[in-house]
Structures are given as C-alpha cells and as structure tokens.
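Engineer: Quick one: this structure, given as structure tokens, is what I'll be asking you about.
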Amino acid sequence: MLVLPRKLHQSQRGDGEPRIRSAAARLARLGCSGIELTEDRGSLILEGTAVSYQEKVTAGWIAAKTGFKAVVNDLCVPGLPEETLAVPQVTDSLLDGTYYDVIVIGGGVVGCAIARELSRWNLSIMLLEKEGDVAVHTSSRNDGMIHDGFAARPGSKKAEYNVRGNRLWEPLCKELGIDFKRPGSLILFHSALAAGAYPLMAERARRNGVDGWEFWNRTRVASEEPSVTEDQHGAFFLPSAGVLSPYKATVALAESAMLNGVRVVLDACVAGMELEAGRVERVVTNRGTCRAGVVINAAGNWADVVAAMAGDRFFSLHQRRGTEVILDAASGASQRHILGMPRLLQIKAKTKGGGLVKTVEGNILVGPTATESPGREDYATRPQELRELEKHVHLNTSLSMSQAITYFSGVRPCTYEEDFIIEKSERVANLVHAAGIQSPGLASAPAIAEDVASMAVELVSAFKSVGPRPGWKSMLPGSPEPRHLSLENRASLIEQHPAYGRIVCRCEEVSEGEILDAIHSGLPATSMDAIKRRTRAGMGRCHGGFCTPRVMEILARETKTPLWAVTKKGPGSELCIGPTKAGPTKAGRP
Ligand SMILES: Cc1cc2nc3c(=O)[nH]c(=O)nc-3n(C[C@H](O)[C@H](O)[C@H](O)COP(=O)(O)OP(=O)(O)OC[C@H]3O[C@@H](n4cnc5c(N)ncnc54)[C@H](O)[C@@H]3O)c2cc1C
C-alpha cells in the first residue's frame, strides 16, 4: 500500500484539472497515493515513489483510465535503478556528415517493415539498429502467431492494425520467400457455461472485422483435433489465425528494403537528437552524427527513451515479460490448430492467454506467460514461469514437458493505455512514432508499416518531390533449402554446388551451402545467433550440441576471423574463453 497523496497540482500548460482530481481520487481509492500528478500537453505525469514495481504499474494503469492522451509514469521504486541504453562497443565516424530523407530507428519487425514500405518511394532511407543484427529483441522472442484480431479491444489501434496486418502477411510472405501457414485458432471452452459466451465472442469478432469465426461443438473439436483434452466443451474457431517465423520475416523485410536501396547500419545506437526550430536536425549515434529529413521511432522497448531524446516523451512504457517453452518438432504431428483455453490466464485482462502454438516449422510452442517485470531486455527464464506453462501442455494429450528442447523469454513494450502509438509527433515537426508495439505487433507490422510510411512520405513531401522508386522489386530472391526440395532437385543442386550436400545441423538438416548463403547475404550473418535466425542451424533437438563447433569453423573461415573471435551475438559473447591446454591453440589464440 502507498501513503496518502502529498501533492496534487496542475502544470500551467494543461487544462485537465478536473481529470487530475479524478485521477487522484481513483488512485487514492485503490490505495495508490504519495503521487504528484501534473498534466503536460495532454499527458498525465506521475511522480513520487511507489513501494514496488507492481504498484508503479498499477498506478499507471489506473491513471490511464482517466481520459488523458497518455501516461508518463516517473514513479521511483526504491532499489530499482533507471535503465540506461547500453551503447555498442563499436565507435567510428561512419555516419558523420551523411543525410537521409528518412531515418528509421530500430531493426525489429516494425522498423524493417517500415523501411521496406518506404523503399517503394524515391527517398534516401537509413535504418539504424543498435545490435549487430536485426530481430535481436522482441521480434525474435515471440510466438510467431499472426493473430486473427479477435482478442484486441474493439475500437483499439491493436484491433484495427491486427486485422489489416493479418490479411497482408500471406501475400507479403510470398514476396519475401518465407513460409506462412494458416492453421486457425481454437479457443476451447472449459465448461458448458463458458461456451455460453459464444454470442458475445462472435459480436466482438464482428466488431473487430475478423475474417470468419465458427462455433465448434465438443464432438467437432474432438474430430478435427484428435489429441485435444477431454476437458473441453466446444470451441470458438478463428480460421484466419496464421503462423510464420518472426526472425526470418524480419531479416527478409530488411533484406528486401536493402534490395530497394535502404541502408541498414548495425551496431548503431541512437544516443541523442539535436533539434532546431522544432525539428530533429541531427541524429547522434556511436557511429557518427547524421542529418535527417524525417525520423521514425520504432525502437521497441526503448521507444519512450528515444522519444525523450527528441523532447517528445508524452508516454512511457512498462515491460511485460513472456516466457515460452519449445517442444521437439516431433510433437507437432499431434496437433493441427493453435489451441488455447482462456481460464488458464494468470493476468486475465492483459494477455490473450497463451496456449499451444504449432509453429510454421512444426514445433509446438507452449506459452507465453505474462508478468509485469522491470527490465527492458531481461530475458532470464524463471522456474515459476516454466511451471505455470505446464498447465497448457495438457490441452493436447499427446504432449508432455519432457519433449521440451529449450525455453526463452521476450519482453513486451506496453503503454499504460495498453494500445499502440502510431502517429506523427504533436511537438516535433519531423518525427513519427511507432511505439508501444506489444502483442499483436508482429501480426500488425505490415499494416503499421503502410501507415507510418505514408505519414513519413507526407512529411518529406513538404521539402522534396516524392514519387515511386523506379524498378522497385517486390520479390526477394531466396536461397535454396535442400531439405524442402524433391530428391531429384536436391541431387541436381548438390551436383552444381556440393556445399548444399554437406549437412552441418543434423537435427534441422541445414547444409553448409545455406550457412554460406547466410554469411554472404545482403545482410550478412556475423554471429552464431544470426546464422541460427536465418538457417535454423542449432534450433533442433540437440540445440547446437553437434553443429556449434562446425558452424563456428565455417564462420571463422568465411569472415577471416580467428575461431576464438567468433561470437554468439556480437562483441562480449565470444564462445571460446581460452585454450584448454598450455600453448597456442589450433584456433591461433595465444
Ligand atoms: C513472449 C512474446 C510473445 C509474443 N507473441 C506474439 C505473437 O504471437 N504475435 C504477435 O503479433 N505479436 C507477438 N508478440 C509481440 C511482438 O513480438 C512485438 O509486438 C514485436 O516484435 C515488436 O516489434 P518492434 O519492431 O516494435 O520491437 P523490437 O523487435 O524490440 O525492435 C526494436 C529494435 O529497436 C532497437 N533499438 C532500440 N533503441 C534503439 C536505439 N536507441 N538506437 C538504435 N536501435 C534501437 C532494438 O535493439 C530493437 O532491435 C509477442 C511478444 C512477446 C514478448
């Protein structure tokens, strides 16, 4: 519990006093007090102290219900330090003196989709990503589910973008040369009473514009999904739910953007912005300072920090961790649809509830959990979260947790309004935000990209004539995956290029040829994780036990680096720590 209010005042710039009073009353009623409330240009600012992170988040949620544009939650939690951006080790002047019509900050699925969408226009475009690859953060730490759009609150941006994005992904995947499947999702009813909610669910799906839904009775569910739990009373079937590989999609979007002239700069962290006359004039990075026509904030869990750099922090993000367990690919044969049973929710109001997702590669993903937890990049997995996930496994009677091959966590960047922010800045003339992109952000990404790109084009048009880019290429030429070829085609490929016949990852049947393609691609894979994201080498049952040394050798050979300098995910994550015996190693480390 918090102490009683200490201070209640209103900034000179706002006109929200009645709403501030109402917010204070609500917070006090719920035991949240000791908070200073002010209004700044439509946003409600919370300052003071909360005794725990959970209380800070709760106060933010309550404040978000009081009718302000957004909530900036600056409550301090004793013992919990403010997180700061870790700037990459790389420092050079690569970007000094450069100019781009549009600079996109963030190489997740949203930033990469925006960059590709912008590449349709005759603009100079640069995407800056602080990590050594794209899809390092939330965009590679999710279910890969292209949600149908049912779960989002009707009228929200999430609902609108999800449904539009769902329709866009299938043709987009064809252009990008990546797999897309539409298994459909079954929301199982745990009781006859719960099944009575069907008309309400149908009404919500209708309001959100979801593409199709049906009621399946218990018998139909059992016949379509033979391994389903007996503890079900029918289901709400949503046929439009799809799946794809989120990291492959993000890499492919970036490569497609590059094919159409976008410059992607990795290890480039935006650390500041310099404004003149209400516009971002210069973007400051560890790789130099560049001038910008328009800046797009697609910085995921750091989007509020990036907004602050431009003096436009009108919202703040809180983090919701999600943990997932991956079951062996053999588990996938026992399940056709995505399965969930909402009574299993831990935090009912803030998540779609998790379940069993059959991934596009055929593994079953169990999860995710949803836990409010500080740490914008805290990817630790905790026993209690894994135990919580066991409940979902019973939805499919053929599964057991002993089929788990690994587990991971991701962090959702959430606003207190629990909705996306997709808009031109009200304060900075040449800034566009794609922020608070929590789930269903992957599903929504292509639709978000369409709108953000058109906002940016409109802004650029004020100082430059903008037209379609001549010769824009929609199709991304992919590289061959021998495991998906007929024996005949495989043999012919291997005859021409023997490297496709040398299998490096036995679990996933990944050949040396595919690893070479990844290393020498438009967006080269320079770490073990980057190779994994592009080829799946190391993602199988043994999880790299067999292929890791082999992939390291190929990477070292092709990039002409010593073996001991090969990293898991960039500088500081070298896999070798030193020779096991005295004297120089084969790898050449002294
Ligand atoms: C467990 C879990 C499961 C999920 N499941 C689904 C699902 O099934 N379907 C779905 O639709 N959504 C799902 N989501 C949500 C989805 O993953 C996200 O909405 C989406 O990935 C967000 O993409 P993004 O590009 O905005 O963020 P990110 O992928 O985090 O990308 C932002 C990038 O910006 C970079 N960056 C940040 N600051 C800077 C800076 N200062 N300079 C340069 N670069 C910077 C970061 O390094 C990062 O790479 C899930 C999320 C979680 C956590």
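Labels used: A, B, ... for chains in the order of the structure tokens, numbers from 1 for residues in each chain, and numbers from 1 for ligands as shown.
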Per DSSP on the backbone, what are the alpha helix (DSSP H) residues of region 261-430 of chain A, as a list in words?
Structural biologist: Ala303, Asp304, Val305, Val306, Ala307, Ala308, Met309, Pro383, Gln384, Glu385, Leu386, Arg387, Glu388, Leu389, Glu390, Lys391, His392 and Val393 of chain A
Engineer: Could you list the protein, DNA and RNA residues that have any atom within 6 Å of ligand 1, counting only C-alpha atoms and all ligand atoms, and write them as a PyMOL selection string?
Structural biologist: chain A and resi 105-111+128-131+134-139+141-147+268-271+298-302+306+321-323+368+409-412+437-443
Engineer: Given only C-alpha atoms as the basis, pick out the residue of A:Thr49, A:Ser185, A:Thr567, A:Thr535 nearest to Trp213 (chain A).
Structural biologist: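 Closest candidate: A:Ser185.
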Engineer: Do you know which residues are at most 10 Å from Arg343 (chain A) counting only C-alpha atoms, after dropping those on the same chain fewer than 4 positions away, and could you put them as a PDB file with N, CA and C atoms, in the first residue's frame?
Structural biologist:
ATOM      1  N   LEU A 188     -10.718 -22.934 -26.697  1.00  0.00           N
ATOM      2  CA  LEU A 188     -11.522 -24.019 -26.116  1.00  0.00           C
ATOM      3  C   LEU A 188     -12.319 -23.512 -24.917  1.00  0.00           C
ATOM      4  N   PHE A 189     -13.540 -24.011 -24.799  1.00  0.00           N
ATOM      5  CA  PHE A 189     -14.362 -23.674 -23.624  1.00  0.00           C
ATOM      6  C   PHE A 189     -14.140 -24.720 -22.551  1.00  0.00           C
ATOM      7  N   HIS A 190     -13.917 -24.254 -21.327  1.00  0.00           N
ATOM      8  CA  HIS A 190     -13.629 -25.205 -20.246  1.00  0.00           C
ATOM      9  C   HIS A 190     -14.887 -25.704 -19.560  1.00  0.00           C
ATOM     10  N   SER A 191     -16.043 -25.108 -19.896  1.00  0.00           N
ATOM     11  CA  SER A 191     -17.290 -25.564 -19.279  1.00  0.00           C
ATOM     12  C   SER A 191     -18.438 -25.202 -20.217  1.00  0.00           C
ATOM     13  N   ALA A 194     -19.092 -21.601 -19.961  1.00  0.00           N
ATOM     14  CA  ALA A 194     -18.170 -20.764 -20.746  1.00  0.00           C
ATOM     15  C   ALA A 194     -18.580 -20.752 -22.215  1.00  0.00           C
ATOM     16  N   LYS A 348      -5.489 -11.974 -16.321  1.00  0.00           N
ATOM     17  CA  LYS A 348      -6.563 -12.127 -17.287  1.00  0.00           C
ATOM     18  C   LYS A 348      -6.733 -10.944 -18.239  1.00  0.00           C
ATOM     19  N   GLY A 353      -3.594 -14.905 -23.337  1.00  0.00           N
ATOM     20  CA  GLY A 353      -3.690 -16.087 -22.504  1.00  0.00           C
ATOM     21  C   GLY A 353      -2.746 -17.217 -22.803  1.00  0.00           C
TER      22      GLY A 353
END
Engineer: When you count only C-alpha atoms, which of these residues is closest to Asp211 (chain A): A:Gly196, A:Pro571, A:Pro171, A:Gly165?
Structural biologist: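 That would be A:Gly165, the residue with the smallest distance to Asp211 (chain A).
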Engineer: Determine which residues of region 44-120 of chain A DSSP labels as strand (DSSP E or B) from the backbone of this structure, then write them out as a ChimeraX atom specification.
Structural biologist: /A:44-49,70-76,99-105
Engineer: Those same residues, written as an mmCIF file, in the first residue's frame with C-alpha atoms?
Structural biologist:
data_model
loop_
_atom_site.group_PDB
_atom_site.id
_atom_site.type_symbol
_atom_site.label_atom_id
_atom_site.label_comp_id
_atom_site.auth_asym_id
_atom_site.auth_seq_id
_atom_site.Cartn_x
_atom_site.Cartn_y
_atom_site.Cartn_z
ATOM 1 C CA LEU A 44 -0.747 12.799 -17.199
ATOM 2 C CA ILE A 45 2.619 12.777 -15.422
ATOM 3 C CA LEU A 46 3.077 10.605 -12.309
ATOM 4 C CA GLU A 47 5.937 11.462 -9.960
ATOM 5 C CA GLY A 48 6.835 10.342 -6.464
ATOM 6 C CA THR A 49 7.548 6.947 -5.031
ATOM 7 C CA ALA A 70 -1.193 9.136 -22.384
ATOM 8 C CA VAL A 71 0.517 8.486 -19.055
ATOM 9 C CA VAL A 72 4.140 9.281 -18.256
ATOM 10 C CA ASN A 73 4.961 7.209 -15.202
ATOM 11 C CA ASP A 74 8.028 8.636 -13.475
ATOM 12 C CA LEU A 75 7.379 6.976 -10.113
ATOM 13 C CA CYS A 76 10.586 5.782 -8.456
ATOM 14 C CA TYR A 99 21.981 12.974 -44.789
ATOM 15 C CA TYR A 100 18.897 10.783 -45.262
ATOM 16 C CA ASP A 101 15.353 11.792 -46.129
ATOM 17 C CA VAL A 102 14.110 9.265 -43.589
ATOM 18 C CA ILE A 103 15.930 7.638 -40.687
ATOM 19 C CA VAL A 104 14.208 4.642 -39.075
ATOM 20 C CA ILE A 105 15.351 3.839 -35.541
#
Engineer: Excluding same-chain residues fewer than 6 positions from Ala241 (chain A), what lies within 12 Å of it counting only C-alpha atoms, as number ranges by chain?
Structural biologist: A: 144-151, 162-163, 165-167, 169-170, 180-187, 210-213, 337-339, 357-359, 440, 443
Engineer: Quick one: write out the picked residues with C-alpha atoms as a PDB file, in the first residue's frame?
Structural biologist:
ATOM      1  CA  GLY A 144       5.252 -16.138 -34.486  1.00  0.00           C
ATOM      2  CA  MET A 145       1.485 -16.042 -34.473  1.00  0.00           C
ATOM      3  CA  ILE A 146      -0.388 -13.885 -36.945  1.00  0.00           C
ATOM      4  CA  HIS A 147      -3.357 -13.314 -34.700  1.00  0.00           C
ATOM      5  CA  ASP A 148      -6.840 -13.190 -36.128  1.00  0.00           C
ATOM      6  CA  GLY A 149      -7.627  -9.913 -34.332  1.00  0.00           C
ATOM      7  CA  PHE A 150     -10.342 -11.251 -32.030  1.00  0.00           C
ATOM      8  CA  ALA A 151      -8.529 -10.625 -28.748  1.00  0.00           C
ATOM      9  CA  ASN A 162      -4.065  -6.664 -36.339  1.00  0.00           C
ATOM     10  CA  VAL A 163      -6.905  -7.447 -38.731  1.00  0.00           C
ATOM     11  CA  GLY A 165      -1.899  -6.991 -40.882  1.00  0.00           C
ATOM     12  CA  ASN A 166      -3.342 -10.498 -40.817  1.00  0.00           C
ATOM     13  CA  ARG A 167      -4.576 -10.018 -44.383  1.00  0.00           C
ATOM     14  CA  TRP A 169       1.118 -11.144 -44.235  1.00  0.00           C
ATOM     15  CA  GLU A 170       0.221 -14.032 -46.537  1.00  0.00           C
ATOM     16  CA  PHE A 180       3.286 -18.816 -43.969  1.00  0.00           C
ATOM     17  CA  LYS A 181       0.569 -21.166 -42.717  1.00  0.00           C
ATOM     18  CA  ARG A 182      -2.975 -20.542 -41.571  1.00  0.00           C
ATOM     19  CA  PRO A 183      -3.811 -23.361 -39.141  1.00  0.00           C
ATOM     20  CA  GLY A 184      -6.594 -21.380 -37.438  1.00  0.00           C
ATOM     21  CA  SER A 185      -7.044 -20.991 -33.717  1.00  0.00           C
ATOM     22  CA  LEU A 186      -9.356 -22.875 -31.347  1.00  0.00           C
ATOM     23  CA  ILE A 187     -10.318 -21.059 -28.163  1.00  0.00           C
ATOM     24  CA  VAL A 210     -12.144 -10.534 -38.000  1.00  0.00           C
ATOM     25  CA  ASP A 211     -12.177 -12.729 -41.101  1.00  0.00           C
ATOM     26  CA  GLY A 212     -14.513 -15.549 -40.131  1.00  0.00           C
ATOM     27  CA  TRP A 213     -15.374 -17.470 -36.954  1.00  0.00           C
ATOM     28  CA  HIS A 337      -4.567 -25.883 -34.826  1.00  0.00           C
ATOM     29  CA  ILE A 338      -3.419 -23.265 -32.366  1.00  0.00           C
ATOM     30  CA  LEU A 339      -5.017 -24.193 -29.030  1.00  0.00           C
ATOM     31  CA  VAL A 357       1.067 -22.765 -30.964  1.00  0.00           C
ATOM     32  CA  LYS A 358       2.168 -25.074 -33.732  1.00  0.00           C
ATOM     33  CA  THR A 359       4.954 -23.072 -35.329  1.00  0.00           C
ATOM     34  CA  PRO A 440      -0.132  -8.358 -31.625  1.00  0.00           C
ATOM     35  CA  ALA A 443       0.688  -9.615 -36.785  1.00  0.00           C
TER      36      ALA A 443
END
